[in-house]
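Visitor: Here it is: the structure, laid out below.
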Amino acid sequence: MSDIPNPLGAFDIFNSRFEGKPRKLKKHKAEALKKLFSKKIAKKLFGKKFALRTRAELTAIEPVQVDKAISKPKRPAFQITWASNPSEIKEAQRLRYKVFADEMGANLPANSEGLDVDEFDAYCDHLLIRDQESLKVVGTYRVLPPHKAMEIGRLYSDSEFDLSRLNHLRPKMVELGRSCVHADYRSGAVIMALWSGLAQYMQKHNYEIMLGCASIPMADGGHFAASLYNSLSNEQMAPVENHAFPRLPLPLDRLNGGLEVEPPPLIKGYLKLGAKICSAPAWDPDFNTADVLTMLRLSEINPRYAKHFLGL
């Protein structure tokens, strides 16, 4: 996010080239100051007391001394890019393997290069977040656009859910998947960078809906996941006509679903953005997670975030 503009930055009396011994304003600058500072503007910027000062008093103002030159805005800490060749896709796959297999213990197919690879990768666009200094990939999403979903014949979510009620939405819907962030970079800044990249992608291609499986850890056997699902409000659930049905449901009736829990950061972020949960949890045995189908319509994004991500 760019720095907030300084409302005083346009006026020469505050510029760094006036460093050193104070001196009177030149005549042409005093005349310019008279024009710029109407009482209305002065009152808005500096308050009523300042606005009541006469123009003669204003032209007599001596410049503020500046000890240091105004520093240039820092460049963003992270770079948002899309993989453009097989080597860059491998960078995303390597990060995914490190997070899912090495860190989370997911049962992924063996790969001599330490990559998480499946049949959907070749059809997806791969979002990469790089550390600006090291250029290391520290966050990623993969995105399956509608025309590529038609080529492969299904979404990844089809393997976990019956999506019959969503079939009419497929032409304007992209599927998000394999989202992960390097353990050393799990901050709000990386998540914001990922979401900014996704928002730009959606607007560029005129897509309307993002769909994906949001994962809940099951280290405790599923009690946390059951409690989280039971804690969702009606406003956080999708309308019934957009519900999907787990192919391998988490057995909610055999779990303690009454614990007080906080959503994992990513799901919490989705809900704040305005996403809706479309399903009860499905069990993913390979990743040992409980997955809930999550949908975000651009038209329903929280106004608090719409301006930042969509420029609205």
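Labels used: A, B, ... for chains in the order of the structure tokens, numbers from 1 for residues in each chain, and numbers from 1 for ligands as shown.
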Select from range 61-182 of chain A everything DSSP, run on the backbone, classes as strand (DSSP E or B), then give the selection as an NGL selection string.

Guide: :A and (78-82 or 125-131 or 137-144 or 161-162 or 173-181)

Visitor: Keeping N, CA and C atoms for every residue in the selection just given, could you write it to a file as a PDB file, in the first residue's frame?

Guide:
```
ATOM      1  N   PHE A  78       7.178  -7.318  -0.893  1.00  0.00           N
ATOM      2  CA  PHE A  78       6.888  -8.533  -1.648  1.00  0.00           C
ATOM      3  C   PHE A  78       6.514  -8.205  -3.086  1.00  0.00           C
ATOM      4  N   GLN A  79       6.862  -9.117  -3.962  1.00  0.00           N
ATOM      5  CA  GLN A  79       6.606  -8.984  -5.398  1.00  0.00           C
ATOM      6  C   GLN A  79       5.502  -9.963  -5.796  1.00  0.00           C
ATOM      7  N   ILE A  80       4.495  -9.457  -6.489  1.00  0.00           N
ATOM      8  CA  ILE A  80       3.373 -10.285  -6.935  1.00  0.00           C
ATOM      9  C   ILE A  80       3.584 -10.627  -8.402  1.00  0.00           C
ATOM     10  N   THR A  81       3.746 -11.913  -8.710  1.00  0.00           N
ATOM     11  CA  THR A  81       3.970 -12.337 -10.090  1.00  0.00           C
ATOM     12  C   THR A  81       3.168 -13.608 -10.377  1.00  0.00           C
ATOM     13  N   TRP A  82       3.128 -13.961 -11.665  1.00  0.00           N
ATOM     14  CA  TRP A  82       2.511 -15.216 -12.092  1.00  0.00           C
ATOM     15  C   TRP A  82       3.570 -16.051 -12.806  1.00  0.00           C
ATOM     16  N   ASP A 125      -3.117 -21.509 -13.541  1.00  0.00           N
ATOM     17  CA  ASP A 125      -2.208 -20.368 -13.439  1.00  0.00           C
ATOM     18  C   ASP A 125      -1.697 -20.340 -12.006  1.00  0.00           C
ATOM     19  N   HIS A 126      -0.395 -20.037 -11.834  1.00  0.00           N
ATOM     20  CA  HIS A 126       0.232 -20.140 -10.522  1.00  0.00           C
ATOM     21  C   HIS A 126       0.680 -18.760 -10.044  1.00  0.00           C
ATOM     22  N   LEU A 127       0.064 -18.301  -8.973  1.00  0.00           N
ATOM     23  CA  LEU A 127       0.399 -17.009  -8.376  1.00  0.00           C
ATOM     24  C   LEU A 127       1.588 -17.186  -7.436  1.00  0.00           C
ATOM     25  N   LEU A 128       2.583 -16.314  -7.579  1.00  0.00           N
ATOM     26  CA  LEU A 128       3.791 -16.386  -6.768  1.00  0.00           C
ATOM     27  C   LEU A 128       3.992 -15.072  -6.006  1.00  0.00           C
ATOM     28  N   ILE A 129       4.275 -15.175  -4.723  1.00  0.00           N
ATOM     29  CA  ILE A 129       4.673 -14.016  -3.936  1.00  0.00           C
ATOM     30  C   ILE A 129       6.141 -14.209  -3.587  1.00  0.00           C
ATOM     31  N   ARG A 130       6.972 -13.260  -4.007  1.00  0.00           N
ATOM     32  CA  ARG A 130       8.410 -13.358  -3.772  1.00  0.00           C
ATOM     33  C   ARG A 130       8.868 -12.327  -2.745  1.00  0.00           C
ATOM     34  N   ASP A 131       9.830 -12.736  -1.938  1.00  0.00           N
ATOM     35  CA  ASP A 131      10.535 -11.778  -1.092  1.00  0.00           C
ATOM     36  C   ASP A 131      11.325 -10.853  -2.019  1.00  0.00           C
ATOM     37  N   VAL A 137      10.351 -17.567  -3.481  1.00  0.00           N
ATOM     38  CA  VAL A 137       8.898 -17.689  -3.445  1.00  0.00           C
ATOM     39  C   VAL A 137       8.483 -18.035  -2.021  1.00  0.00           C
ATOM     40  N   VAL A 138       7.652 -17.166  -1.416  1.00  0.00           N
ATOM     41  CA  VAL A 138       7.259 -17.355  -0.020  1.00  0.00           C
ATOM     42  C   VAL A 138       5.753 -17.574   0.138  1.00  0.00           C
ATOM     43  N   GLY A 139       5.006 -17.453  -0.941  1.00  0.00           N
ATOM     44  CA  GLY A 139       3.570 -17.701  -0.900  1.00  0.00           C
ATOM     45  C   GLY A 139       3.071 -18.060  -2.282  1.00  0.00           C
ATOM     46  N   THR A 140       2.018 -18.866  -2.349  1.00  0.00           N
ATOM     47  CA  THR A 140       1.499 -19.263  -3.658  1.00  0.00           C
ATOM     48  C   THR A 140       0.030 -19.663  -3.586  1.00  0.00           C
ATOM     49  N   TYR A 141      -0.636 -19.517  -4.696  1.00  0.00           N
ATOM     50  CA  TYR A 141      -1.977 -20.054  -4.965  1.00  0.00           C
ATOM     51  C   TYR A 141      -1.918 -20.639  -6.367  1.00  0.00           C
ATOM     52  N   ARG A 142      -2.749 -21.616  -6.634  1.00  0.00           N
ATOM     53  CA  ARG A 142      -2.955 -21.987  -8.029  1.00  0.00           C
ATOM     54  C   ARG A 142      -4.420 -21.712  -8.366  1.00  0.00           C
ATOM     55  N   VAL A 143      -4.642 -21.289  -9.602  1.00  0.00           N
ATOM     56  CA  VAL A 143      -5.970 -20.846 -10.031  1.00  0.00           C
ATOM     57  C   VAL A 143      -6.362 -21.610 -11.284  1.00  0.00           C
ATOM     58  N   LEU A 144      -7.512 -22.282 -11.217  1.00  0.00           N
ATOM     59  CA  LEU A 144      -8.033 -23.029 -12.365  1.00  0.00           C
ATOM     60  C   LEU A 144      -9.166 -22.209 -12.981  1.00  0.00           C
ATOM     61  N   PHE A 161     -16.608 -32.991  -3.169  1.00  0.00           N
ATOM     62  CA  PHE A 161     -17.990 -32.561  -2.968  1.00  0.00           C
ATOM     63  C   PHE A 161     -18.853 -32.827  -4.198  1.00  0.00           C
ATOM     64  N   ASP A 162     -20.120 -33.025  -3.953  1.00  0.00           N
ATOM     65  CA  ASP A 162     -21.123 -33.018  -5.016  1.00  0.00           C
ATOM     66  C   ASP A 162     -21.485 -31.551  -5.254  1.00  0.00           C
ATOM     67  N   MET A 173     -16.728 -18.906 -12.849  1.00  0.00           N
ATOM     68  CA  MET A 173     -16.139 -19.269 -11.560  1.00  0.00           C
ATOM     69  C   MET A 173     -14.731 -19.812 -11.741  1.00  0.00           C
ATOM     70  N   VAL A 174     -13.791 -19.324 -10.925  1.00  0.00           N
ATOM     71  CA  VAL A 174     -12.439 -19.887 -10.900  1.00  0.00           C
ATOM     72  C   VAL A 174     -12.281 -20.677  -9.607  1.00  0.00           C
ATOM     73  N   GLU A 175     -11.427 -21.708  -9.654  1.00  0.00           N
ATOM     74  CA  GLU A 175     -11.165 -22.500  -8.455  1.00  0.00           C
ATOM     75  C   GLU A 175      -9.776 -22.173  -7.931  1.00  0.00           C
ATOM     76  N   LEU A 176      -9.706 -21.873  -6.633  1.00  0.00           N
ATOM     77  CA  LEU A 176      -8.438 -21.631  -5.961  1.00  0.00           C
ATOM     78  C   LEU A 176      -8.006 -22.893  -5.240  1.00  0.00           C
ATOM     79  N   GLY A 177      -6.709 -23.123  -5.187  1.00  0.00           N
ATOM     80  CA  GLY A 177      -6.235 -24.296  -4.479  1.00  0.00           C
ATOM     81  C   GLY A 177      -4.767 -24.200  -4.119  1.00  0.00           C
ATOM     82  N   ARG A 178      -4.326 -25.169  -3.318  1.00  0.00           N
ATOM     83  CA  ARG A 178      -2.922 -25.323  -2.928  1.00  0.00           C
ATOM     84  C   ARG A 178      -2.322 -24.019  -2.383  1.00  0.00           C
ATOM     85  N   SER A 179      -3.103 -23.270  -1.635  1.00  0.00           N
ATOM     86  CA  SER A 179      -2.574 -22.034  -1.060  1.00  0.00           C
ATOM     87  C   SER A 179      -1.661 -22.356   0.116  1.00  0.00           C
ATOM     88  N   CYS A 180      -0.515 -21.710   0.175  1.00  0.00           N
ATOM     89  CA  CYS A 180       0.378 -21.904   1.311  1.00  0.00           C
ATOM     90  C   CYS A 180       1.371 -20.751   1.392  1.00  0.00           C
ATOM     91  N   VAL A 181       1.908 -20.560   2.590  1.00  0.00           N
ATOM     92  CA  VAL A 181       2.892 -19.512   2.856  1.00  0.00           C
ATOM     93  C   VAL A 181       4.048 -20.137   3.625  1.00  0.00           C
TER      94      VAL A 181
END
```

Visitor: Using CA of Ser112 in chain A and CA of Ile89 in chain A as the two end points, give the distance in Å to one decimal.

Guide: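 It comes out at 16.0 Å.
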
Visitor: Which residues are near Ala280 in chain A? Cut-off 8 Å, only C-alpha atoms, ignore same chain within fewer than 4 positions. Put them as number ranges by chain.

Guide: A: 229, 245-246, 249-250, 292-293

Visitor: Running DSSP on the backbone, which parts of range 153-267 of chain A land in alpha helix (DSSP H), as a VMD selection string?

Guide: chain A and resid 188 to 205 223 to 231 265 to 267

Visitor: Can you spit out the residues from that selection as a short mmCIF file (atom, residue, chain, number, x, y, z; two decimals), in the first residue's frame, using N, CA and C atoms?

Guide:
```
data_model
loop_
_atom_site.label_atom_id
_atom_site.label_comp_id
_atom_site.auth_asym_id
_atom_site.auth_seq_id
_atom_site.Cartn_x
_atom_site.Cartn_y
_atom_site.Cartn_z
N GLY A 188 0.30 -10.99 7.91
CA GLY A 188 -0.80 -10.41 7.14
C GLY A 188 -0.35 -9.83 5.82
N ALA A 189 0.90 -9.38 5.75
CA ALA A 189 1.39 -8.75 4.52
C ALA A 189 1.42 -9.72 3.35
N VAL A 190 1.81 -10.97 3.62
CA VAL A 190 1.86 -11.97 2.54
C VAL A 190 0.45 -12.34 2.11
N ILE A 191 -0.45 -12.51 3.06
CA ILE A 191 -1.85 -12.83 2.73
C ILE A 191 -2.44 -11.70 1.89
N MET A 192 -2.18 -10.45 2.28
CA MET A 192 -2.69 -9.31 1.51
C MET A 192 -2.14 -9.30 0.10
N ALA A 193 -0.87 -9.65 -0.04
CA ALA A 193 -0.26 -9.71 -1.37
C ALA A 193 -0.91 -10.79 -2.22
N LEU A 194 -1.16 -11.94 -1.62
CA LEU A 194 -1.83 -13.03 -2.35
C LEU A 194 -3.22 -12.58 -2.81
N TRP A 195 -3.98 -11.99 -1.91
CA TRP A 195 -5.34 -11.58 -2.26
C TRP A 195 -5.34 -10.44 -3.29
N SER A 196 -4.36 -9.56 -3.21
CA SER A 196 -4.26 -8.50 -4.21
C SER A 196 -4.02 -9.09 -5.60
N GLY A 197 -3.13 -10.09 -5.65
CA GLY A 197 -2.87 -10.75 -6.93
C GLY A 197 -4.10 -11.44 -7.48
N LEU A 198 -4.86 -12.09 -6.61
CA LEU A 198 -6.09 -12.75 -7.05
C LEU A 198 -7.13 -11.75 -7.53
N ALA A 199 -7.27 -10.63 -6.82
CA ALA A 199 -8.25 -9.62 -7.21
C ALA A 199 -7.92 -9.05 -8.59
N GLN A 200 -6.64 -8.78 -8.83
CA GLN A 200 -6.22 -8.27 -10.13
C GLN A 200 -6.53 -9.29 -11.24
N TYR A 201 -6.29 -10.54 -10.94
CA TYR A 201 -6.56 -11.62 -11.91
C TYR A 201 -8.04 -11.68 -12.25
N MET A 202 -8.88 -11.63 -11.23
CA MET A 202 -10.34 -11.71 -11.44
C MET A 202 -10.83 -10.54 -12.29
N GLN A 203 -10.35 -9.36 -12.00
CA GLN A 203 -10.79 -8.19 -12.75
C GLN A 203 -10.27 -8.21 -14.19
N LYS A 204 -9.04 -8.64 -14.35
CA LYS A 204 -8.45 -8.68 -15.70
C LYS A 204 -9.24 -9.60 -16.62
N HIS A 205 -9.72 -10.73 -16.09
CA HIS A 205 -10.40 -11.73 -16.92
C HIS A 205 -11.92 -11.70 -16.79
N HIS A 223 -12.30 -32.76 16.35
CA HIS A 223 -13.16 -32.02 17.28
C HIS A 223 -13.13 -30.51 16.99
N PHE A 224 -11.93 -30.01 16.69
CA PHE A 224 -11.79 -28.59 16.36
C PHE A 224 -12.62 -28.26 15.12
N ALA A 225 -12.49 -29.09 14.09
CA ALA A 225 -13.21 -28.84 12.83
C ALA A 225 -14.72 -28.87 13.04
N ALA A 226 -15.19 -29.85 13.81
CA ALA A 226 -16.63 -29.94 14.08
C ALA A 226 -17.12 -28.72 14.84
N SER A 227 -16.34 -28.27 15.81
CA SER A 227 -16.72 -27.10 16.61
C SER A 227 -16.72 -25.83 15.77
N LEU A 228 -15.74 -25.72 14.89
CA LEU A 228 -15.69 -24.55 14.03
C LEU A 228 -16.91 -24.49 13.11
N TYR A 229 -17.25 -25.61 12.52
CA TYR A 229 -18.41 -25.64 11.63
C TYR A 229 -19.69 -25.31 12.39
N ASN A 230 -19.83 -25.86 13.59
CA ASN A 230 -21.03 -25.60 14.38
C ASN A 230 -21.12 -24.14 14.84
N SER A 231 -19.99 -23.45 14.88
CA SER A 231 -19.98 -22.06 15.36
C SER A 231 -20.33 -21.05 14.27
N PRO A 265 -6.26 -18.78 10.39
CA PRO A 265 -6.11 -17.44 9.81
C PRO A 265 -6.69 -17.29 8.41
N LEU A 266 -6.48 -18.28 7.54
CA LEU A 266 -6.95 -18.14 6.17
C LEU A 266 -8.47 -18.13 6.10
N ILE A 267 -9.11 -19.05 6.83
CA ILE A 267 -10.58 -19.08 6.83
C ILE A 267 -11.14 -17.82 7.48
#
```

Visitor: Using only C-alpha atoms, find the one residue out of A:Ala214, A:Ile152, A:Leu273, A:Leu115 that sits nearest to Leu310 in chain A.

Guide: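 Among A:Ala214, A:Ile152, A:Leu273, A:Leu115, it is A:Leu273 that comes nearest to Leu310 in chain A.
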
Visitor: Between CA of Met237 in chain A and CA of Ile216 in chain A, what is the distance, to one decimal in Å?

Guide: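 A separation of 16.4 Å between them.
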
Visitor: When you count only C-alpha atoms, which of these residues is closest to Met150 in chain A: A:Asn234, A:Ser134, A:Asn167, A:Asn302?

Guide: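 When distances to Met150 in chain A are compared using only C-alpha atoms, the smallest one comes from A:Asn167.
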